[in-house]
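Encoded as structure tokens, the structure appears first; notes follow it.
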Amino acid sequence: MLKKLALLATGALLAAGAQAQTKWDLPSAYPPSNFHVENLNQFIKDVGSLSNGKLAITLHNNASLYKAPEIKRAVQGNQAQIGEILLTNFANEAPVYALDGLPFLATGYEASFKLYQAQKPFLEKKLESQGMMLLYAVAWPPQGIFANKDLKTVADMKGLKWRAYSPVTARIAELVGAQPVTVQQAELAQAMATGVIDSYMSSASTGYDTKTYEYIKKFYDTQAWLPKNAIIVNKRAFDALDKPTQQALLKAGAQAEERGWKLSEEKNKWYQQELTKNGMAIVPPSDELKAGLQKVGQQMIAEWVKSAGADGQAMIDAYKK
Ligand code: PCA
């Protein structure tokens with residue numbers, strides 16, 4: 001009888017040992033229809049299988065756990081062990097976070113990936129100094145302008161009630177005489193419904209996620225820049241994993257980065273079709289509008305280089321090489 005009990009106890013211990021599992025929370029500010037979130041779901045599955053179930057990540061999407069601007073601090077403080085951030089949201093904290101949010105520096109997927117490689121060592125260093133690490137980053141589709149108004153030149157942007165999602169998109173508004181209101185994607189539909197804003201710059205992806213076609217009927221396809229979301233990890237939480245689990249996480253991250261960049265480009269076409277199907281016109285910008293926006297971009301790049309010092313110049317040089 002005693003022997004049997006001892007055996008049972010050993011069995012229970014063994015089972016518990018095999019299942020010893022670390023649980024992480026992953027806040028994201030975007031909804032299930034978003035390609036970043038689709039990619040995250042696959043990433044989480046991959047982490048589970050590559051780690052033999054030892055690391056279980058729970059996704060909290062749509063800003064349900066933390067709002068977009070709070071996620072970075074939550075990961076830094078280890079309230080969340082891993083999280084998704086929009087880098088350019090943190091432009092005021094350090095210039096490196098703003099680089100991929102600048103208009104007309106890198107405008108296609110290839111150029112944006114090159115810009116990422118130039119930015120990456122500086123991004124890693126910055127995050128490391130804040131007790132975090134960069135796992136992977138994926139570009140949003142090219143940014144265009146959603147507006148009902150006819151925009152033939154930048155002068156037509158004057159007075160727009162402009163939704164900004166970052167200091168950079170607020171600066172664009174200032175330079176063209178629009179009125180910026182900062183609203184994150186999770187609150188964007190409401191801001192349109194209540195008339196707080198009547199225009200914004202973002203991707204077809206966000207236009208789809210927020211049903212922008214119910215309020216705004218034109219998307220000016222300016223392809224001005226491709227900002228990135230990054231998946232960041234708390235360094236102490238990472239260090240607490242055993243080596244094979246760390247390797248599993250890194251591997252799943254590398255796979256998610258590769259898959260994510262492809263998904264962004266592929267799904268952008270689908271998002272644009274959906275916008276069209278729902279009554280939105282995808283409008284190529286006039287040469288005048290393009291030229292005006294490029295001028296705004298040049299000024300903003302010059303301002304950035306000035307604020308970013310030697311590191312900034314090194315990033316630009318590495319990108320232009
Ligand atoms: N969508 C996000 C950021 C960039 C993008 O394409 C947003 O509009 O909030």
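Quick note on naming: the chains in the structure tokens go A, B, ... in the order shown, residues restart at 1 in each chain, and ligands are numbered from 1 in order of appearance.
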Exercise for the section: Enumerate residues in contact with ligand 1: an atom-to-atom distance of at most 7 Å, counting only C-alpha atoms and all ligand atoms. Format the result as a VMD selection string. Expected result: chain A and resid 86 140 to 141 143 165 184 to 185 202 to 203 205 to 206 227
Create the file for the chosen residues now, containing all heavy atoms and written as a compact mmCIF listing (two decimals), in the first residue's frame.
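Dumped to part16.txt:
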```txt
# COMPACT_ATOMS: atom_id res chain seq x y z
N LEU A 86 4.65 49.62 -31.72
CA LEU A 86 4.86 50.38 -32.96
C LEU A 86 6.05 51.30 -32.67
O LEU A 86 5.95 52.23 -31.86
CB LEU A 86 3.59 51.17 -33.25
CG LEU A 86 3.61 52.19 -34.39
CD1 LEU A 86 3.90 51.52 -35.73
CD2 LEU A 86 2.27 52.92 -34.47
N TRP A 140 4.66 47.58 -41.57
CA TRP A 140 3.27 47.79 -42.00
C TRP A 140 3.32 48.06 -43.51
O TRP A 140 4.35 48.48 -44.03
CB TRP A 140 2.67 49.01 -41.33
CG TRP A 140 2.34 48.86 -39.88
CD1 TRP A 140 3.18 49.09 -38.83
CD2 TRP A 140 1.08 48.48 -39.32
NE1 TRP A 140 2.51 48.87 -37.65
CE2 TRP A 140 1.23 48.50 -37.92
CE3 TRP A 140 -0.16 48.14 -39.87
CZ2 TRP A 140 0.18 48.17 -37.05
CZ3 TRP A 140 -1.20 47.82 -39.01
CH2 TRP A 140 -1.03 47.84 -37.62
N PRO A 141 2.19 47.91 -44.20
CA PRO A 141 2.15 48.28 -45.62
C PRO A 141 2.37 49.80 -45.79
O PRO A 141 2.25 50.56 -44.83
CB PRO A 141 0.75 47.87 -46.07
CG PRO A 141 0.32 46.82 -45.09
CD PRO A 141 0.94 47.23 -43.78
N GLN A 143 2.28 53.72 -46.32
CA GLN A 143 1.36 54.70 -45.75
C GLN A 143 0.79 55.66 -46.82
O GLN A 143 1.54 56.24 -47.60
CB GLN A 143 2.06 55.52 -44.67
CG GLN A 143 2.76 54.66 -43.62
CD GLN A 143 1.79 53.98 -42.66
OE1 GLN A 143 1.17 54.64 -41.85
NE2 GLN A 143 1.68 52.65 -42.76
N TYR A 165 -0.80 59.07 -35.25
CA TYR A 165 -0.54 57.93 -34.37
C TYR A 165 0.84 57.99 -33.75
O TYR A 165 1.23 57.09 -33.01
CB TYR A 165 -0.76 56.60 -35.11
CG TYR A 165 0.13 56.31 -36.30
CD1 TYR A 165 1.48 55.98 -36.13
CD2 TYR A 165 -0.37 56.33 -37.59
CE1 TYR A 165 2.28 55.70 -37.23
CE2 TYR A 165 0.42 56.04 -38.69
CZ TYR A 165 1.76 55.72 -38.50
OH TYR A 165 2.55 55.45 -39.58
N GLN A 184 -4.83 56.23 -31.14
CA GLN A 184 -4.28 54.93 -31.54
C GLN A 184 -5.34 54.13 -32.30
O GLN A 184 -6.52 54.42 -32.22
CB GLN A 184 -3.75 54.17 -30.32
CG GLN A 184 -2.54 54.84 -29.67
CD GLN A 184 -1.41 55.17 -30.64
OE1 GLN A 184 -1.12 54.40 -31.56
NE2 GLN A 184 -0.78 56.33 -30.46
N GLN A 185 -4.87 53.12 -33.02
CA GLN A 185 -5.78 52.39 -33.90
C GLN A 185 -7.00 51.83 -33.16
O GLN A 185 -8.11 51.84 -33.70
CB GLN A 185 -5.03 51.25 -34.62
CG GLN A 185 -5.96 50.53 -35.59
CD GLN A 185 -5.28 49.47 -36.43
OE1 GLN A 185 -4.20 49.67 -36.95
NE2 GLN A 185 -5.94 48.33 -36.58
N SER A 202 -2.04 56.30 -42.95
CA SER A 202 -1.77 54.96 -42.43
C SER A 202 -1.79 53.98 -43.61
O SER A 202 -1.70 54.40 -44.77
CB SER A 202 -2.82 54.59 -41.38
OG SER A 202 -2.50 53.36 -40.77
N SER A 203 -1.95 52.71 -43.29
CA SER A 203 -1.95 51.69 -44.34
C SER A 203 -3.36 51.22 -44.67
O SER A 203 -4.29 51.41 -43.88
CB SER A 203 -1.13 50.49 -43.87
OG SER A 203 -1.67 49.98 -42.68
N SER A 205 -4.19 48.35 -44.48
CA SER A 205 -4.46 47.38 -43.43
C SER A 205 -5.27 48.00 -42.29
O SER A 205 -6.28 47.44 -41.84
CB SER A 205 -3.09 46.85 -42.96
OG SER A 205 -3.11 46.43 -41.64
N THR A 206 -4.85 49.17 -41.85
CA THR A 206 -5.57 49.86 -40.78
C THR A 206 -6.91 50.37 -41.29
O THR A 206 -7.91 50.37 -40.56
CB THR A 206 -4.68 50.99 -40.20
OG1 THR A 206 -3.59 50.37 -39.52
CG2 THR A 206 -5.45 51.88 -39.24
N PRO A 227 6.25 52.02 -41.56
CA PRO A 227 6.68 51.93 -40.16
C PRO A 227 6.67 50.45 -39.71
O PRO A 227 6.05 49.63 -40.36
CB PRO A 227 5.61 52.72 -39.41
CG PRO A 227 4.39 52.59 -40.27
CD PRO A 227 4.87 52.51 -41.69
```
Handout entry: Selection: 7 Å around region 118-131 of chain A, only C-alpha atoms, excl. self and same-chain fewer than 4 positions, as JSON, numbers by chain
Key = {"A": [76, 96, 114, 234, 235, 315, 318, 319]}
Practice task
Tell me, in Å to one decimal, how far CA of Ala237 (chain A) is from CA of Lys67 (chain A).
Solution key: 21.5 Å
Practice task
Compare A:Leu275, A:Ile85, A:Leu188, A:Leu59 by their minimum atom-to-atom distance to Asn229 (chain A), counting only C-alpha atoms, and give me the closest one.
Solution key: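 The answer is A:Ile85, which sits nearest to Asn229 (chain A).
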Problem - DSSP helix (DSSP H, G or I) selection over region 63-242 of chain A, as a PyMOL selection string - result: chain A and resi 68-76+87-90+95-97+99-101+109-129+154-157+167-176+185-193+204-209+212-214+235-239
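Close contacts of Pro69 (chain A), defined as residues with an atom at most 12 Å away when counting only C-alpha atoms, with chain neighbours fewer than 3 positions off set aside, comprise Pro27, Ser28, Ala29, Ala63, Leu65, Tyr66, Lys72, Arg73, Ala74, Val75, Gly83, Glu84, Ile85, Leu86, Leu87, Thr88, Asn89, Phe90, Ala91, Asn92, Glu93, Tyr165, Ser166, Pro167, Thr182, Val183, Gln184, Gln185 and Ala186 of chain A.
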Completion exercise
Counting only C-alpha atoms, closest pick from A:Trp304, A:Trp261, A:Trp225, A:Phe238 relative to Ala94 (chain A) is A:Trp304
Problem - Nearest candidate to Lys251 (chain A) (options A:Phe43, A:Tyr271, A:Trp162, A:Phe219; using only C-alpha atoms) - result: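 When distances to Lys251 (chain A) are compared using only C-alpha atoms, the smallest one comes from A:Phe43.
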Exercise for the section: Using only C-alpha atoms, determine which residues lie at most 10 Å from Lys152 (chain A), disregarding the query and same-chain residues fewer than 5 positions distant; provide the list as a list in words. Expected result: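 The filter keeps Met157, Pro285, Ser286, Asp287, Glu288, Leu289, Lys290 and Gly292 of chain A.
The shortest atom-to-atom distance to Ser33 (chain A), with only C-alpha atoms taken into account, belongs to A:Tyr208 out of A:Tyr208, A:Ala252, A:Gln273, A:Tyr97.
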Using only C-alpha atoms, determine which residues lie at most 7 Å from Tyr200 (chain A), disregarding the query and same-chain residues fewer than 3 positions distant; provide the list as a short mmCIF file (atom, residue, chain, number, x, y, z; two decimals) with C-alpha atoms, in the first residue's frame.
```
data_model
loop_
_atom_site.label_atom_id
_atom_site.label_comp_id
_atom_site.auth_asym_id
_atom_site.auth_seq_id
_atom_site.Cartn_x
_atom_site.Cartn_y
_atom_site.Cartn_z
CA ILE A 145 -3.77 59.39 -46.88
CA PHE A 146 -7.41 58.66 -46.03
CA ALA A 147 -9.56 61.73 -46.70
CA TRP A 162 -5.95 64.83 -38.81
CA ARG A 163 -5.57 61.70 -36.78
CA ALA A 164 -1.91 61.18 -35.78
#
```
Exercise for the section: Pick out the residues sitting within 10 Å of Arg171 (chain A), and hand them over as a VMD selection string; count only C-alpha atoms, and ignore anything fewer than 6 positions along from it in its own chain. Expected result: chain A and resid 164 177 to 178 180 296 300
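Distance annotation: of A:Leu99, A:Leu175, A:Gly77, A:Ile82, the residue with the minimal separation from Gln313 (chain A) is A:Leu99; atom set is only C-alpha atoms.
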Near Gln255 (chain A), counting only C-alpha atoms, which residues have an atom at most 9 Å away, once you skip same-chain residues fewer than 5 positions from it, shown as a short mmCIF file (atom, residue, chain, number, x, y, z; two decimals) with C-alpha atoms, in the first residue's frame?
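Below is the file result-v7.cif, written as the result:
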```cif
data_model
loop_
_atom_site.label_atom_id
_atom_site.label_comp_id
_atom_site.auth_asym_id
_atom_site.auth_seq_id
_atom_site.Cartn_x
_atom_site.Cartn_y
_atom_site.Cartn_z
CA PHE A 43 4.57 32.60 -33.81
CA ASP A 46 5.66 27.73 -33.15
CA LEU A 250 14.75 32.93 -31.12
CA GLY A 260 5.68 38.71 -41.52
#
```
Completion exercise
Counting only C-alpha atoms, closest pick from A:Asn41, A:Gln179, A:Asp242, A:Phe35 relative to Gln21 (chain A) is A:Asp242
